[in-house]
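Engineer: Got a structure for you, upload00.pdb, holding PDB, C-alpha atoms.
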MODEL        1
ATOM      1  CA  MET A   1     195.423 129.294  45.235  1.00  0.00           C
ATOM      2  CA  ASN A   2     193.237 126.277  44.604  1.00  0.00           C
ATOM      3  CA  PRO A   3     194.925 123.830  42.147  1.00  0.00           C
ATOM      4  CA  LYS A   4     191.601 122.693  40.628  1.00  0.00           C
ATOM      5  CA  GLY A   5     190.509 126.084  39.413  1.00  0.00           C
ATOM      6  CA  GLY A   6     189.851 129.597  40.485  1.00  0.00           C
ATOM      7  CA  ASP A   7     189.306 130.460  44.118  1.00  0.00           C
ATOM      8  CA  LYS A   8     185.658 130.449  45.131  1.00  0.00           C
ATOM      9  CA  PRO A   9     184.709 133.328  47.391  1.00  0.00           C
ATOM     10  CA  LYS A  10     183.262 132.210  50.696  1.00  0.00           C
ATOM     11  CA  SER A  11     179.545 132.639  51.117  1.00  0.00           C
ATOM     12  CA  LYS A  12     178.404 135.539  53.282  1.00  0.00           C
ATOM     13  CA  ILE A  13     175.383 133.545  54.488  1.00  0.00           C
ATOM     14  CA  SER A  14     175.905 131.115  57.324  1.00  0.00           C
ATOM     15  CA  ALA A  15     175.031 127.423  57.004  1.00  0.00           C
ATOM     16  CA  SER A  16     172.145 127.682  59.469  1.00  0.00           C
ATOM     17  CA  ARG A  17     170.676 130.620  57.531  1.00  0.00           C
ATOM     18  CA  LYS A  18     170.967 128.638  54.264  1.00  0.00           C
ATOM     19  CA  LEU A  19     169.192 125.688  55.856  1.00  0.00           C
ATOM     20  CA  SER A  20     166.380 127.854  57.166  1.00  0.00           C
ATOM     21  CA  LEU A  21     165.934 129.470  53.731  1.00  0.00           C
ATOM     22  CA  LYS A  22     165.770 126.035  52.092  1.00  0.00           C
ATOM     23  CA  MET A  23     163.134 124.949  54.601  1.00  0.00           C
ATOM     24  CA  LEU A  24     161.062 128.066  53.893  1.00  0.00           C
ATOM     25  CA  LEU A  25     161.313 127.486  50.135  1.00  0.00           C
ATOM     26  CA  LEU A  26     160.221 123.856  50.516  1.00  0.00           C
ATOM     27  CA  GLN A  27     157.259 124.858  52.693  1.00  0.00           C
ATOM     28  CA  ARG A  28     156.220 127.495  50.152  1.00  0.00           C
ATOM     29  CA  ALA A  29     156.516 124.960  47.299  1.00  0.00           C
ATOM     30  CA  CYS A  30     154.354 122.432  49.201  1.00  0.00           C
ATOM     31  CA  GLU A  31     151.695 125.092  49.857  1.00  0.00           C
ATOM     32  CA  ASP A  32     151.672 126.097  46.184  1.00  0.00           C
ATOM     33  CA  LEU A  33     151.361 122.454  45.128  1.00  0.00           C
ATOM     34  CA  GLU A  34     148.393 121.871  47.445  1.00  0.00           C
ATOM     35  CA  LYS A  35     146.690 125.049  46.228  1.00  0.00           C
ATOM     36  CA  GLU A  36     147.251 123.980  42.606  1.00  0.00           C
ATOM     37  CA  THR A  37     145.644 120.562  43.194  1.00  0.00           C
ATOM     38  CA  GLN A  38     142.645 122.217  44.908  1.00  0.00           C
ATOM     39  CA  ASP A  39     142.268 124.629  41.982  1.00  0.00           C
ATOM     40  CA  ARG A  40     142.304 121.716  39.546  1.00  0.00           C
ATOM     41  CA  GLU A  41     139.600 119.877  41.477  1.00  0.00           C
ATOM     42  CA  GLU A  42     137.434 123.005  41.612  1.00  0.00           C
ATOM     43  CA  GLU A  43     137.895 123.566  37.880  1.00  0.00           C
ATOM     44  CA  LYS A  44     136.976 119.941  37.190  1.00  0.00           C
ATOM     45  CA  VAL A  45     133.788 120.173  39.264  1.00  0.00           C
ATOM     46  CA  ARG A  46     132.808 123.461  37.584  1.00  0.00           C
ATOM     47  CA  TYR A  47     133.457 122.073  34.097  1.00  0.00           C
ATOM     48  CA  LEU A  48     131.438 118.924  34.769  1.00  0.00           C
ATOM     49  CA  GLY A  49     128.617 121.046  36.205  1.00  0.00           C
ATOM     50  CA  ASP A  50     128.513 123.108  33.003  1.00  0.00           C
ATOM     51  CA  LYS A  51     128.738 120.164  30.606  1.00  0.00           C
ATOM     52  CA  LEU A  52     126.568 117.662  32.488  1.00  0.00           C
ATOM     53  CA  PRO A  53     123.530 119.146  34.196  1.00  0.00           C
ATOM     54  CA  PRO A  54     121.838 116.800  36.688  1.00  0.00           C
ATOM     55  CA  LEU A  55     119.423 114.358  35.056  1.00  0.00           C
ATOM     56  CA  GLN A  56     115.711 114.519  35.873  1.00  0.00           C
ATOM     57  CA  MET A  57     114.558 110.996  35.051  1.00  0.00           C
ATOM     58  CA  SER A  58     111.838 110.489  37.631  1.00  0.00           C
ATOM     59  CA  GLY A  59     108.325 110.509  36.186  1.00  0.00           C
ATOM     60  CA  LEU A  60     109.375 110.537  32.487  1.00  0.00           C
ATOM     61  CA  PRO A  61     107.451 108.411  30.008  1.00  0.00           C
ATOM     62  CA  PRO A  62     109.441 105.654  28.192  1.00  0.00           C
ATOM     63  CA  GLY A  63     109.556 107.624  24.915  1.00  0.00           C
ATOM     64  CA  ASP A  64     111.218 110.605  26.613  1.00  0.00           C
ATOM     65  CA  LEU A  65     113.697 108.261  28.355  1.00  0.00           C
ATOM     66  CA  GLN A  66     114.639 106.751  24.992  1.00  0.00           C
ATOM     67  CA  ALA A  67     115.137 110.234  23.506  1.00  0.00           C
ATOM     68  CA  LEU A  68     117.294 111.187  26.497  1.00  0.00           C
ATOM     69  CA  CYS A  69     119.385 108.019  26.060  1.00  0.00           C
ATOM     70  CA  LYS A  70     119.894 108.787  22.338  1.00  0.00           C
ATOM     71  CA  LYS A  71     120.901 112.353  23.188  1.00  0.00           C
ATOM     72  CA  LEU A  72     123.412 111.145  25.786  1.00  0.00           C
ATOM     73  CA  HIS A  73     124.732 108.551  23.354  1.00  0.00           C
ATOM     74  CA  ASP A  74     125.296 111.236  20.715  1.00  0.00           C
ATOM     75  CA  GLN A  75     127.107 113.416  23.256  1.00  0.00           C
ATOM     76  CA  ILE A  76     129.330 110.460  24.191  1.00  0.00           C
ATOM     77  CA  ASN A  77     130.194 109.919  20.523  1.00  0.00           C
ATOM     78  CA  VAL A  78     131.127 113.586  20.078  1.00  0.00           C
ATOM     79  CA  VAL A  79     133.332 113.524  23.192  1.00  0.00           C
ATOM     80  CA  ASP A  80     135.026 110.285  22.056  1.00  0.00           C
ATOM     81  CA  GLU A  81     135.777 111.812  18.645  1.00  0.00           C
ATOM     82  CA  GLU A  82     137.297 114.889  20.293  1.00  0.00           C
ATOM     83  CA  ARG A  83     139.366 112.698  22.638  1.00  0.00           C
ATOM     84  CA  TYR A  84     140.587 110.582  19.722  1.00  0.00           C
ATOM     85  CA  ASP A  85     141.555 113.692  17.736  1.00  0.00           C
ATOM     86  CA  CYS A  86     143.373 115.171  20.737  1.00  0.00           C
ATOM     87  CA  GLU A  87     145.296 111.944  21.347  1.00  0.00           C
ATOM     88  CA  HIS A  88     146.464 111.817  17.740  1.00  0.00           C
ATOM     89  CA  LYS A  89     147.491 115.469  17.844  1.00  0.00           C
ATOM     90  CA  VAL A  90     149.541 114.782  20.968  1.00  0.00           C
ATOM     91  CA  ILE A  91     151.180 111.717  19.379  1.00  0.00           C
ATOM     92  CA  LYS A  92     152.008 113.714  16.235  1.00  0.00           C
ATOM     93  CA  HIS A  93     153.450 116.592  18.247  1.00  0.00           C
ATOM     94  CA  ASN A  94     155.542 114.184  20.322  1.00  0.00           C
ATOM     95  CA  LYS A  95     156.976 112.660  17.138  1.00  0.00           C
ATOM     96  CA  ASP A  96     157.733 116.130  15.770  1.00  0.00           C
ATOM     97  CA  ILE A  97     159.447 117.097  19.010  1.00  0.00           C
ATOM     98  CA  HIS A  98     161.538 113.934  18.918  1.00  0.00           C
ATOM     99  CA  GLU A  99     162.575 114.565  15.289  1.00  0.00           C
ATOM    100  CA  LEU A 100     163.473 118.170  16.072  1.00  0.00           C
ATOM    101  CA  LYS A 101     165.564 117.069  19.043  1.00  0.00           C
ATOM    102  CA  LEU A 102     167.451 114.686  16.766  1.00  0.00           C
ATOM    103  CA  LYS A 103     168.013 117.490  14.236  1.00  0.00           C
ATOM    104  CA  ILE A 104     169.321 119.739  16.997  1.00  0.00           C
ATOM    105  CA  GLN A 105     171.749 117.043  18.096  1.00  0.00           C
ATOM    106  CA  ASP A 106     172.925 116.565  14.503  1.00  0.00           C
ATOM    107  CA  LEU A 107     173.384 120.293  13.959  1.00  0.00           C
ATOM    108  CA  GLY A 108     175.065 120.766  17.312  1.00  0.00           C
ATOM    109  CA  GLY A 109     177.618 118.133  16.514  1.00  0.00           C
ATOM    110  CA  LYS A 110     177.426 116.638  19.968  1.00  0.00           C
ATOM    111  CA  PHE A 111     177.470 113.125  18.588  1.00  0.00           C
ATOM    112  CA  LYS A 112     181.074 112.120  18.082  1.00  0.00           C
ATOM    113  CA  LYS A 113     182.233 109.033  16.294  1.00  0.00           C
ATOM    114  CA  PRO A 114     184.330 106.863  18.569  1.00  0.00           C
ATOM    115  CA  ALA A 115     187.985 106.459  17.731  1.00  0.00           C
ATOM    116  CA  LEU A 116     188.629 103.137  16.062  1.00  0.00           C
ATOM    117  CA  ARG A 117     191.392 100.873  17.261  1.00  0.00           C
ATOM    118  CA  LYS A 118     193.794  99.065  14.992  1.00  0.00           C
ATOM    119  CA  VAL A 119     193.203  95.343  15.144  1.00  0.00           C
ATOM    120  CA  ARG A 120     195.576  92.785  13.734  1.00  0.00           C
ATOM    121  CA  VAL A 121     193.673  89.847  12.323  1.00  0.00           C
ATOM    122  CA  SER A 122     195.207  87.075  10.309  1.00  0.00           C
ATOM    123  CA  ALA A 123     193.541  85.794   7.163  1.00  0.00           C
ATOM    124  CA  ASP A 124     192.512  82.579   8.924  1.00  0.00           C
ATOM    125  CA  GLU A 125     190.859  84.465  11.779  1.00  0.00           C
ATOM    126  CA  MET A 126     189.072  86.735   9.341  1.00  0.00           C
ATOM    127  CA  MET A 127     187.731  83.822   7.306  1.00  0.00           C
ATOM    128  CA  ARG A 128     186.666  82.066  10.508  1.00  0.00           C
ATOM    129  CA  ALA A 129     184.800  85.198  11.624  1.00  0.00           C
ATOM    130  CA  LEU A 130     183.091  85.628   8.248  1.00  0.00           C
ATOM    131  CA  LEU A 131     182.299  82.025   7.418  1.00  0.00           C
ATOM    132  CA  GLY A 132     182.024  80.556  10.890  1.00  0.00           C
ATOM    133  CA  SER A 133     182.336  76.781  10.996  1.00  0.00           C
ATOM    134  CA  LYS A 134     182.382  76.469   7.174  1.00  0.00           C
ATOM    135  CA  HIS A 135     186.033  77.578   7.052  1.00  0.00           C
ATOM    136  CA  LYS A 136     188.388  74.597   7.126  1.00  0.00           C
ATOM    137  CA  GLY A 137     192.148  74.550   7.025  1.00  0.00           C
ATOM    138  CA  SER A 138     194.543  77.416   6.822  1.00  0.00           C
ATOM    139  CA  MET A 139     194.724  79.869   4.022  1.00  0.00           C
ATOM    140  CA  ASP A 140     198.103  81.037   2.817  1.00  0.00           C
ATOM    141  CA  LEU A 141     197.512  84.151   0.737  1.00  0.00           C
ATOM    142  CA  ARG A 142     201.140  84.348  -0.374  1.00  0.00           C
ATOM    143  CA  ALA A 143     200.934  80.919  -1.977  1.00  0.00           C
ATOM    144  CA  ASN A 144     198.194  82.134  -4.309  1.00  0.00           C
ATOM    145  CA  LEU A 145     200.225  85.060  -5.595  1.00  0.00           C
ATOM    146  CA  LYS A 146     201.657  84.891  -9.090  1.00  0.00           C
ATOM    147  CA  SER A 147     205.379  84.272  -9.095  1.00  0.00           C
ATOM    148  CA  VAL A 148     207.521  86.428 -11.396  1.00  0.00           C
ATOM    149  CA  LYS A 149     210.526  84.851 -13.032  1.00  0.00           C
ATOM    150  CA  LYS A 150     213.688  86.769 -13.885  1.00  0.00           C
ATOM    151  CA  GLU A 151     213.544  85.600 -17.500  1.00  0.00           C
ATOM    152  CA  ASP A 152     210.167  87.298 -18.033  1.00  0.00           C
ATOM    153  CA  VAL A 153     211.568  90.609 -16.788  1.00  0.00           C
ATOM    154  CA  LYS A 154     214.521  90.357 -19.186  1.00  0.00           C
ATOM    155  CA  THR A 155     212.261  89.676 -22.220  1.00  0.00           C
ATOM    156  CA  ASP A 156     210.111  92.706 -21.307  1.00  0.00           C
ATOM    157  CA  LYS A 157     213.203  94.926 -21.274  1.00  0.00           C
ATOM    158  CA  VAL A 158     214.307  93.594 -24.669  1.00  0.00           C
ATOM    159  CA  LEU A 159     210.863  94.296 -26.192  1.00  0.00           C
ATOM    160  CA  THR A 160     210.825  97.879 -24.937  1.00  0.00           C
ATOM    161  CA  SER A 161     214.310  98.544 -26.294  1.00  0.00           C
ATOM    162  CA  GLU A 162     213.286  97.233 -29.746  1.00  0.00           C
ATOM    163  CA  VAL A 163     210.535  99.818 -30.044  1.00  0.00           C
ATOM    164  CA  GLY A 164     213.176 102.478 -30.518  1.00  0.00           C
ATOM    165  CA  ASP A 165     212.900 106.179 -30.512  1.00  0.00           C
ATOM    166  CA  TRP A 166     209.349 107.479 -30.303  1.00  0.00           C
ATOM    167  CA  ARG A 167     210.177 110.478 -32.488  1.00  0.00           C
ATOM    168  CA  LYS A 168     210.785 108.209 -35.469  1.00  0.00           C
ATOM    169  CA  ASN A 169     207.366 106.637 -35.048  1.00  0.00           C
ATOM    170  CA  VAL A 170     205.731 110.048 -34.830  1.00  0.00           C
ATOM    171  CA  GLU A 171     207.506 111.275 -37.963  1.00  0.00           C
ATOM    172  CA  ALA A 172     206.601 108.089 -39.848  1.00  0.00           C
ATOM    173  CA  MET A 173     202.929 108.446 -38.933  1.00  0.00           C
ATOM    174  CA  SER A 174     202.681 112.179 -39.541  1.00  0.00           C
ATOM    175  CA  GLY A 175     200.959 113.498 -42.638  1.00  0.00           C
ATOM    176  CA  MET A 176     198.384 111.748 -44.819  1.00  0.00           C
ATOM    177  CA  GLU A 177     200.605 108.788 -45.606  1.00  0.00           C
ATOM    178  CA  GLY A 178     201.012 107.932 -41.958  1.00  0.00           C
ATOM    179  CA  ARG A 179     197.287 108.098 -41.377  1.00  0.00           C
ATOM    180  CA  LYS A 180     196.662 105.937 -44.419  1.00  0.00           C
ATOM    181  CA  LYS A 181     199.169 103.366 -43.120  1.00  0.00           C
ATOM    182  CA  MET A 182     197.476 103.434 -39.766  1.00  0.00           C
ATOM    183  CA  PHE A 183     194.046 102.651 -41.292  1.00  0.00           C
ATOM    184  CA  ASP A 184     195.476 100.030 -43.628  1.00  0.00           C
ATOM    185  CA  THR A 185     197.220  98.141 -40.830  1.00  0.00           C
ATOM    186  CA  GLY A 186     194.179  98.044 -38.621  1.00  0.00           C
ATOM    187  CA  GLY A 187     194.486 101.139 -36.516  1.00  0.00           C
ATOM    188  CA  GLY A 188     197.935 101.185 -35.040  1.00  0.00           C
ATOM    189  CA  GLY A 189     201.441 101.641 -36.131  1.00  0.00           C
ATOM    190  CA  GLN A 190     202.699 102.357 -32.672  1.00  0.00           C
TER
ENDMDL
END
What's the structure tokens form of this structure?

Structural biologist:
Amino acid sequence: MNPKGGDKPKSKISASRKLSLKMLLLQRACEDLEKETQDREEEKVRYLGDKLPPLQMSGLPPGDLQALCKKLHDQINVVDEERYDCEHKVIKHNKDIHELKLKIQDLGGKFKKPALRKVRVSADEMMRALLGSKHKGSMDLRANLKSVKKEDVKTDKVLTSEVGDWRKNVEAMSGMEGRKKMFDTGGGGQ
């Protein structure tokens, strides 16, 4: 067994036969390409023959020549307008195709976000990256933190123990008297 995948069956066609078939296909493709270019040239000549008949300018008076020039000028303007319209249609269709391709990619989910790496950056390096050369000196973030003293913690515990049982406060504030006391004292008995 092949370790990379399933076993591929050997081809029944010999290498020389494959090569000869490839050569025949290439010859056929070249012939088709030449025939296609000849057909295009013939179509171009036929189209130009239909659209532009040969001009008979010999022996025309100047007035007829001017009329012929105006007629040709008008035809040129019409053709230029059609060409301009066709170009804009092609540009619009190309934009639509591009937008639809983007939508297909979005719906297909083929675009994957790359995995982000963890980067350790100190505060000084971060400030240097953000501020550039404006950042001077080192920045110790721990020095700016508020220090908590043990005495403050003890006073907070004493205050919470003085509040007492919450049921007593609820019973004292229940009923109309409690509500009246609450409004009289400025909105809070608790």

Engineer: Distance CA of Pro114 in chain A-CA of Leu131 in chain A, one decimal place?

Structural biologist: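 Atom-to-atom, CA of Pro114 in chain A and CA of Leu131 in chain A are spaced 27.3 Å apart.
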
Engineer: Please indicate the distance in Å from CA of Leu65 in chain A to CA of Asn77 in chain A, rounded to one decimal place.

Structural biologist: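 We find that CA of Leu65 in chain A and CA of Asn77 in chain A lie 18.3 Å from each other.
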
Engineer: Please identify all polymer residues within 10 Å of range 47-55 of chain A, counting only C-alpha atoms, omitting same-chain residues fewer than 5 positions from it, and present them as a count of residues only.

Structural biologist: 4

Engineer: Using Å and a single decimal, report how far CA of Gln56 in chain A sits from CA of Gln75 in chain A.

Structural biologist: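 A separation of 17.0 Å between them.
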